[in-house]
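K.L.:
My questions will all concern the structure given below.
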Amino acid sequence: MMERRFVHISLFGCLILQKFGLVLGTSFLGVGLPMFACALAMLWYSGGVSPRPKHMIATASFLVLVVLSASMSYFIDDVRGRGSLLSVLLFMLLYLMLALGPSRRFDRDDVIDIFLAYALILSVAGIAQYFLQFVGLRFVSFGATFPGLKPILIEKFFNSNAIVEYGSQTIRSNGVFLLEPSTLSQLLVVALAIEILVKRRFTRLPVYLLAYLVTFSGTGFISAAFAIVLNSCLSAKGAVRGAILIVAGTLGFIALSQVAPEVTDRFTARVSEFAMPGTSAYERYVAQYMAWEELASDTTILTGLGSGSFEQYFVPKGMASNAIVKLTADYGIFISVLWLALFCYLFWTPRVRFIGLLVISLVLLGGGNELNPTFLVPMAMVCIWSNLALRVREEESESPGVATWRWPVHSTGRERAALP
């Protein structure tokens, strides 16, 4: 019971209440992080939390370097760097919590099912949100519908009212509760991967796919494609599966273009945004070169400009946040490389490698999620608190030199039947 309560509070705060929080000047604090911290504290009290020693040591060592880098930036006479104590504190608090994990008393079996239940609810909400606008029921944001909630909303920091194309009045779906259509697309590709690779269940796929289509977002697709490429580089079997997925995806897109050409045309038109300044694709994937060019022009690429500098200096120039370039601008290239190694270590899923690769791809390509609890906490539920985080023990079989795979103690018969 304590496990289900912990997972529900964490996901409800970071998904359903994603648009709620406190605005602190030019920054904000979403309600999801405090709710996750409270849920973690209650679980700790009941004995369901245990530090992951190696992960904790790696995280603490990294955070010491972050603090040193942030402290040094205060002595650099550079008008581009201002420093943000709140950003450093958020970094420390969030990643120390991510270094914690379930104890032996924690039952992991229902975590994935609860995550998928939230993904299904948001999918249905997103589909309804998109189609109801054509009969006059238009819901874009809580602030627009309920003005009294504006003081406790963080919607103004995000593009909640995203339209399908310039000049159109049709909105792209953000699943009602999520901040942007891009956020929904990222959640959906994780849900799709789990349904196919872990649950071996295909009944919900049409709902997820339709929900993804009405986001008209390329972020989830680009990240999934990058994860497929990474997986293909790690094994021959992965390369074969990647080729099959590419062919199947191409055929599916061609088939969809015959049935609903207006949908595929809008996705195709979004490709042109990569060459259009001011569009999300340009700001997220192209404009970054301006930051790299400026950072590489002197030693600031090694030292950074101070915590929070990317948002203060580069974002007003038309760049969207990206995990690697943001951390390089804030703390220097050395810290950003160490962060990537730490993130891979914290979120790796030994049971199903592709899920971990997908989360890594999303944090790199999904809009700078390295300090975003609404992304990191749901992904932590999948990669740290579920059965996917358990290693399968390799034991010797009766034949010398031949290895067999045994399921961990925490796996149930249901999970053993579902997992590859």
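Starting from 1 in every chain, residues are counted up; chains themselves are A, B, ... following the order of the structure tokens, and ligands are numbered from 1 as listed.
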What's around Leu376 of chain A at 10 Å? Count only C-alpha atoms, leave out sequence neighbours fewer than 6 positions away in its own chain, and write the answer as an mmCIF file with C-alpha atoms, in the first residue's frame.
P.N.:
```cif
data_model
loop_
_atom_site.group_PDB
_atom_site.id
_atom_site.type_symbol
_atom_site.label_atom_id
_atom_site.label_comp_id
_atom_site.auth_asym_id
_atom_site.auth_seq_id
_atom_site.Cartn_x
_atom_site.Cartn_y
_atom_site.Cartn_z
ATOM 1 C CA CYS A 14 4.525 15.957 -11.550
ATOM 2 C CA LEU A 33 9.126 18.658 -6.536
ATOM 3 C CA LEU A 94 16.815 17.011 -6.959
ATOM 4 C CA TYR A 95 19.821 14.835 -7.733
ATOM 5 C CA LEU A 98 17.347 10.730 -7.452
ATOM 6 C CA PHE A 347 18.764 6.202 -15.127
ATOM 7 C CA VAL A 359 15.198 8.454 -21.384
ATOM 8 C CA VAL A 363 16.893 14.489 -21.694
ATOM 9 C CA ASN A 369 15.186 18.569 -18.773
ATOM 10 C CA GLU A 370 18.234 18.200 -16.526
ATOM 11 C CA VAL A 382 10.255 3.972 -14.555
ATOM 12 C CA CYS A 383 14.042 3.671 -14.404
#
```
K.L.:
For segment 42-58 of chain A, please output as a PyMOL selection string all residues within 12 Å (counting only C-alpha atoms; exclusion window: fewer than 4 positions along the same chain).
P.N.:
chain A and resi 1-7+9-10+35-38+62-65+92+95-108+338-339+341-348+384-385+389
K.L.:
Atom CA of Leu234 of chain A to atom CA of Phe202 of chain A: how many Å, to one decimal?
P.N.:
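According to the coordinates, atom CA of Leu234 of chain A and atom CA of Phe202 of chain A are separated by 26.3 Å.
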K.L.:
Just how far from atom CA of Leu184 of chain A is atom CA of Leu89 of chain A, in Å to one decimal?
P.N.:
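Straight-line distance from atom CA of Leu89 of chain A to atom CA of Leu184 of chain A works out to 27.6 Å.
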K.L.:
Write down as JSON, numbers by chain the residues of segment 104-305 of chain A whose backbone DSSP state falls under helix (DSSP H, G or I).
P.N.:
{"A": [111, 112, 113, 114, 115, 116, 117, 118, 119, 120, 121, 122, 123, 124, 125, 126, 127, 128, 129, 130, 131, 132, 133, 134, 135, 142, 143, 144, 145, 147, 148, 149, 150, 151, 152, 155, 156, 157, 181, 182, 183, 184, 185, 186, 187, 188, 189, 190, 191, 192, 193, 194, 195, 196, 197, 198, 199, 205, 206, 207, 208, 209, 210, 211, 212, 213, 219, 220, 221, 222, 223, 224, 225, 226, 227, 228, 229, 230, 231, 232, 233, 234, 236, 237, 238, 239, 240, 241, 242, 243, 244, 245, 246, 247, 248, 249, 250, 251, 252, 253, 254, 255, 256, 257, 258, 259, 261, 262, 263, 264, 265, 266, 267, 268, 269, 270, 271, 272, 273, 274, 275, 280, 281, 282, 283, 284, 285, 286, 288, 289, 290, 291, 292, 293, 294, 295, 300, 301, 302, 303]}
K.L.:
With distances taken over only C-alpha atoms, which of A:Gln186, A:Val111, A:Ser27, A:Phe146 is nearest to Phe375 of chain A?
P.N.:
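That would be A:Gln186, the residue with the smallest distance to Phe375 of chain A.
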K.L.:
Residues within 8 Å of Leu302 of chain A, please, as a JSON list (two decimals) with all heavy atoms, in the first residue's frame. Count only C-alpha atoms; anything in the same chain fewer than 3 positions from it doesn't count.
P.N.:
```json
[["chain", "number", "residue", "atom", "x", "y", "z"],
["A", 299, "THR", "N", 37.70, 31.41, -22.71],
["A", 299, "THR", "CA", 37.80, 30.34, -21.71],
["A", 299, "THR", "C", 36.49, 30.07, -20.98],
["A", 299, "THR", "O", 36.44, 29.19, -20.12],
["A", 299, "THR", "CB", 38.87, 30.70, -20.66],
["A", 299, "THR", "OG1", 38.52, 31.97, -20.06],
["A", 299, "THR", "CG2", 40.24, 30.80, -21.30],
["A", 328, "THR", "N", 26.95, 23.66, -19.93],
["A", 328, "THR", "CA", 28.24, 24.23, -20.33],
["A", 328, "THR", "C", 28.25, 25.73, -20.09],
["A", 328, "THR", "O", 29.24, 26.28, -19.59],
["A", 328, "THR", "CB", 28.52, 23.93, -21.82],
["A", 328, "THR", "OG1", 28.52, 22.51, -22.03],
["A", 328, "THR", "CG2", 29.87, 24.49, -22.24],
["A", 331, "TYR", "N", 28.15, 26.02, -16.03],
["A", 331, "TYR", "CA", 29.21, 25.46, -15.19],
["A", 331, "TYR", "C", 30.49, 25.07, -15.95],
["A", 331, "TYR", "O", 31.48, 24.71, -15.33],
["A", 331, "TYR", "CB", 28.70, 24.22, -14.46],
["A", 331, "TYR", "CG", 27.48, 24.48, -13.60],
["A", 331, "TYR", "CD1", 26.22, 24.04, -14.01],
["A", 331, "TYR", "CD2", 27.58, 25.15, -12.39],
["A", 331, "TYR", "CE1", 25.10, 24.27, -13.23],
["A", 331, "TYR", "CE2", 26.46, 25.37, -11.60],
["A", 331, "TYR", "CZ", 25.22, 24.93, -12.02],
["A", 331, "TYR", "OH", 24.11, 25.16, -11.25],
["A", 332, "GLY", "N", 30.44, 25.07, -17.28],
["A", 332, "GLY", "CA", 31.60, 24.67, -18.06],
["A", 332, "GLY", "C", 31.45, 23.29, -18.66],
["A", 332, "GLY", "O", 30.65, 22.46, -18.20],
["A", 333, "ILE", "N", 32.22, 23.02, -19.70],
["A", 333, "ILE", "CA", 32.10, 21.78, -20.46],
["A", 333, "ILE", "C", 32.45, 20.55, -19.62],
["A", 333, "ILE", "O", 31.87, 19.48, -19.78],
["A", 333, "ILE", "CB", 33.00, 21.84, -21.74],
["A", 333, "ILE", "CG1", 32.73, 20.65, -22.65],
["A", 333, "ILE", "CG2", 34.47, 21.95, -21.36],
["A", 333, "ILE", "CD1", 31.37, 20.64, -23.28],
["A", 334, "PHE", "N", 33.39, 20.69, -18.69],
["A", 334, "PHE", "CA", 33.79, 19.57, -17.85],
["A", 334, "PHE", "C", 32.61, 19.08, -17.01],
["A", 334, "PHE", "O", 32.34, 17.88, -16.93],
["A", 334, "PHE", "CB", 34.96, 19.99, -16.96],
["A", 334, "PHE", "CG", 35.46, 18.90, -16.06],
["A", 334, "PHE", "CD1", 36.00, 17.73, -16.58],
["A", 334, "PHE", "CD2", 35.40, 19.03, -14.68],
["A", 334, "PHE", "CE1", 36.46, 16.71, -15.76],
["A", 334, "PHE", "CE2", 35.85, 18.03, -13.84],
["A", 334, "PHE", "CZ", 36.39, 16.87, -14.37]]
```
K.L.:
Give me the residues within 8 Å of Val31 of chain A as JSON, numbers by chain, counting only C-alpha atoms and dropping any in the same chain fewer than 5 places off.
P.N.:
{"A": [13, 14, 17, 18, 20, 21, 22]}
K.L.:
Can you write just those residues out, all heavy atoms, as a PDB file, in the first residue's frame?
P.N.:
```pdb
ATOM      1  N   GLY A  13       1.628  14.744  -8.672  1.00  0.00           N
ATOM      2  CA  GLY A  13       2.229  16.063  -8.531  1.00  0.00           C
ATOM      3  C   GLY A  13       2.970  16.519  -9.768  1.00  0.00           C
ATOM      4  O   GLY A  13       2.919  17.687 -10.155  1.00  0.00           O
ATOM      5  N   CYS A  14       3.673  15.576 -10.410  1.00  0.00           N
ATOM      6  CA  CYS A  14       4.525  15.957 -11.550  1.00  0.00           C
ATOM      7  C   CYS A  14       3.818  15.882 -12.894  1.00  0.00           C
ATOM      8  O   CYS A  14       4.326  16.432 -13.876  1.00  0.00           O
ATOM      9  CB  CYS A  14       5.771  15.069 -11.571  1.00  0.00           C
ATOM     10  SG  CYS A  14       6.936  15.461 -10.256  1.00  0.00           S
ATOM     11  N   LEU A  17      -0.586  17.832 -11.815  1.00  0.00           N
ATOM     12  CA  LEU A  17      -0.418  19.194 -11.292  1.00  0.00           C
ATOM     13  C   LEU A  17       0.807  19.884 -11.897  1.00  0.00           C
ATOM     14  O   LEU A  17       1.382  20.783 -11.286  1.00  0.00           O
ATOM     15  CB  LEU A  17      -0.291  19.161  -9.767  1.00  0.00           C
ATOM     16  CG  LEU A  17      -1.494  18.600  -9.001  1.00  0.00           C
ATOM     17  CD1 LEU A  17      -1.243  18.655  -7.500  1.00  0.00           C
ATOM     18  CD2 LEU A  17      -2.773  19.348  -9.360  1.00  0.00           C
ATOM     19  N   GLN A  18       1.178  19.481 -13.090  1.00  0.00           N
ATOM     20  CA  GLN A  18       2.396  19.987 -13.717  1.00  0.00           C
ATOM     21  C   GLN A  18       2.376  21.498 -13.939  1.00  0.00           C
ATOM     22  O   GLN A  18       3.422  22.155 -13.928  1.00  0.00           O
ATOM     23  CB  GLN A  18       2.614  19.270 -15.054  1.00  0.00           C
ATOM     24  CG  GLN A  18       3.943  19.546 -15.692  1.00  0.00           C
ATOM     25  CD  GLN A  18       4.196  18.674 -16.912  1.00  0.00           C
ATOM     26  OE1 GLN A  18       4.296  19.160 -18.022  1.00  0.00           O
ATOM     27  NE2 GLN A  18       4.310  17.371 -16.706  1.00  0.00           N
ATOM     28  N   PHE A  20       1.105  23.773 -12.027  1.00  0.00           N
ATOM     29  CA  PHE A  20       0.948  24.525 -10.789  1.00  0.00           C
ATOM     30  C   PHE A  20       2.285  24.709 -10.084  1.00  0.00           C
ATOM     31  O   PHE A  20       3.149  23.824 -10.109  1.00  0.00           O
ATOM     32  CB  PHE A  20      -0.039  23.813  -9.859  1.00  0.00           C
ATOM     33  CG  PHE A  20      -1.448  23.810 -10.368  1.00  0.00           C
ATOM     34  CD1 PHE A  20      -1.862  22.851 -11.304  1.00  0.00           C
ATOM     35  CD2 PHE A  20      -2.362  24.756  -9.943  1.00  0.00           C
ATOM     36  CE1 PHE A  20      -3.161  22.844 -11.787  1.00  0.00           C
ATOM     37  CE2 PHE A  20      -3.663  24.759 -10.427  1.00  0.00           C
ATOM     38  CZ  PHE A  20      -4.060  23.813 -11.340  1.00  0.00           C
ATOM     39  N   GLY A  21       2.459  25.865  -9.451  1.00  0.00           N
ATOM     40  CA  GLY A  21       3.682  26.133  -8.728  1.00  0.00           C
ATOM     41  C   GLY A  21       3.742  27.572  -8.259  1.00  0.00           C
ATOM     42  O   GLY A  21       2.759  28.318  -8.343  1.00  0.00           O
ATOM     43  N   LEU A  22       4.897  27.964  -7.761  1.00  0.00           N
ATOM     44  CA  LEU A  22       5.117  29.322  -7.279  1.00  0.00           C
ATOM     45  C   LEU A  22       6.064  30.049  -8.212  1.00  0.00           C
ATOM     46  O   LEU A  22       7.122  29.514  -8.578  1.00  0.00           O
ATOM     47  CB  LEU A  22       5.710  29.296  -5.862  1.00  0.00           C
ATOM     48  CG  LEU A  22       4.836  28.685  -4.761  1.00  0.00           C
ATOM     49  CD1 LEU A  22       5.615  28.652  -3.450  1.00  0.00           C
ATOM     50  CD2 LEU A  22       3.545  29.482  -4.598  1.00  0.00           C
TER      51      LEU A  22
END
```
K.L.:
Rank A:Ala260, A:Val315, A:Ala60, A:Leu357 by their smallest atom-to-atom distance to Asn231 of chain A, using only C-alpha atoms, and report the top residue only.
P.N.:
A:Leu357
K.L.:
Considering only C-alpha atoms, can you say which of A:Leu362, A:Ile196, A:Leu205, A:Val67 comes closest to Leu120 of chain A?
P.N.:
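That would be A:Leu205, the residue with the smallest distance to Leu120 of chain A.
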K.L.:
Interatomic distance between atom CA of Ile246 of chain A and atom CA of Leu188 of chain A?
P.N.:
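Separation between atom CA of Ile246 of chain A and atom CA of Leu188 of chain A: 18.1 Å.
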K.L.:
Find the spatial neighbours of Leu24 of chain A, counting only C-alpha atoms, within a cut-off of 10 Å - ignore same-chain residues fewer than 4 positions away - and output them as a list in words.
P.N.:
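These residues fall inside the cut-off: Phe28, Leu29 and Leu86 of chain A.
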K.L.:
Could you give me, as a compact mmCIF listing (two decimals) with N, CA, C and O atoms, in the first residue's frame, the residues within 8 Å of Ser84 of chain A, counting only C-alpha atoms and dropping anything in the same chain fewer than 2 positions from it?
P.N.:
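Output (around-v4.txt):
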```
# COMPACT_ATOMS: atom_id res chain seq x y z
N ARG A 82 25.45 35.89 -14.01
CA ARG A 82 24.91 36.52 -12.81
C ARG A 82 24.83 35.55 -11.64
O ARG A 82 24.90 35.94 -10.50
N LEU A 86 19.29 29.70 -6.25
CA LEU A 86 18.15 28.79 -6.33
C LEU A 86 18.43 27.64 -7.30
O LEU A 86 18.07 26.48 -7.03
N SER A 87 19.08 27.94 -8.41
CA SER A 87 19.40 26.91 -9.40
C SER A 87 20.35 25.87 -8.81
O SER A 87 20.18 24.66 -9.02
N VAL A 88 21.35 26.32 -8.06
CA VAL A 88 22.30 25.39 -7.45
C VAL A 88 21.61 24.53 -6.40
O VAL A 88 21.82 23.31 -6.33
N GLY A 306 28.16 30.90 -14.69
CA GLY A 306 27.41 30.94 -13.44
C GLY A 306 26.07 30.26 -13.59
O GLY A 306 25.48 30.24 -14.67
N SER A 307 25.58 29.68 -12.51
CA SER A 307 24.31 28.95 -12.53
C SER A 307 23.16 29.84 -12.99
O SER A 307 23.04 30.99 -12.55
N GLY A 308 22.35 29.32 -13.88
CA GLY A 308 21.21 30.08 -14.39
C GLY A 308 21.54 31.06 -15.49
O GLY A 308 20.65 31.76 -15.99
N SER A 309 22.80 31.13 -15.92
CA SER A 309 23.20 32.12 -16.92
C SER A 309 22.60 31.86 -18.29
O SER A 309 22.34 32.80 -19.04
```
K.L.:
Can you pull out every residue within 8 Å of Ser182 of chain A, counting only C-alpha atoms, but drop anything in the same chain fewer than 6 positions away, and send it as a PyMOL selection string?
P.N.:
chain A and resi 174+215+217-220+366
K.L.:
According to DSSP computed on the backbone, where in segment 15-101 of chain A is there strand (DSSP E)? Give the residues as a list in words.
P.N.:
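Taking segment 15-101 of chain A and keeping strand (DSSP E) only, one gets Gly21, Leu22, Val23, Leu24, Ser27, Phe28, Leu29, Gly30, Val49, Ser50, Pro51, Leu100 and Gly101 of chain A.
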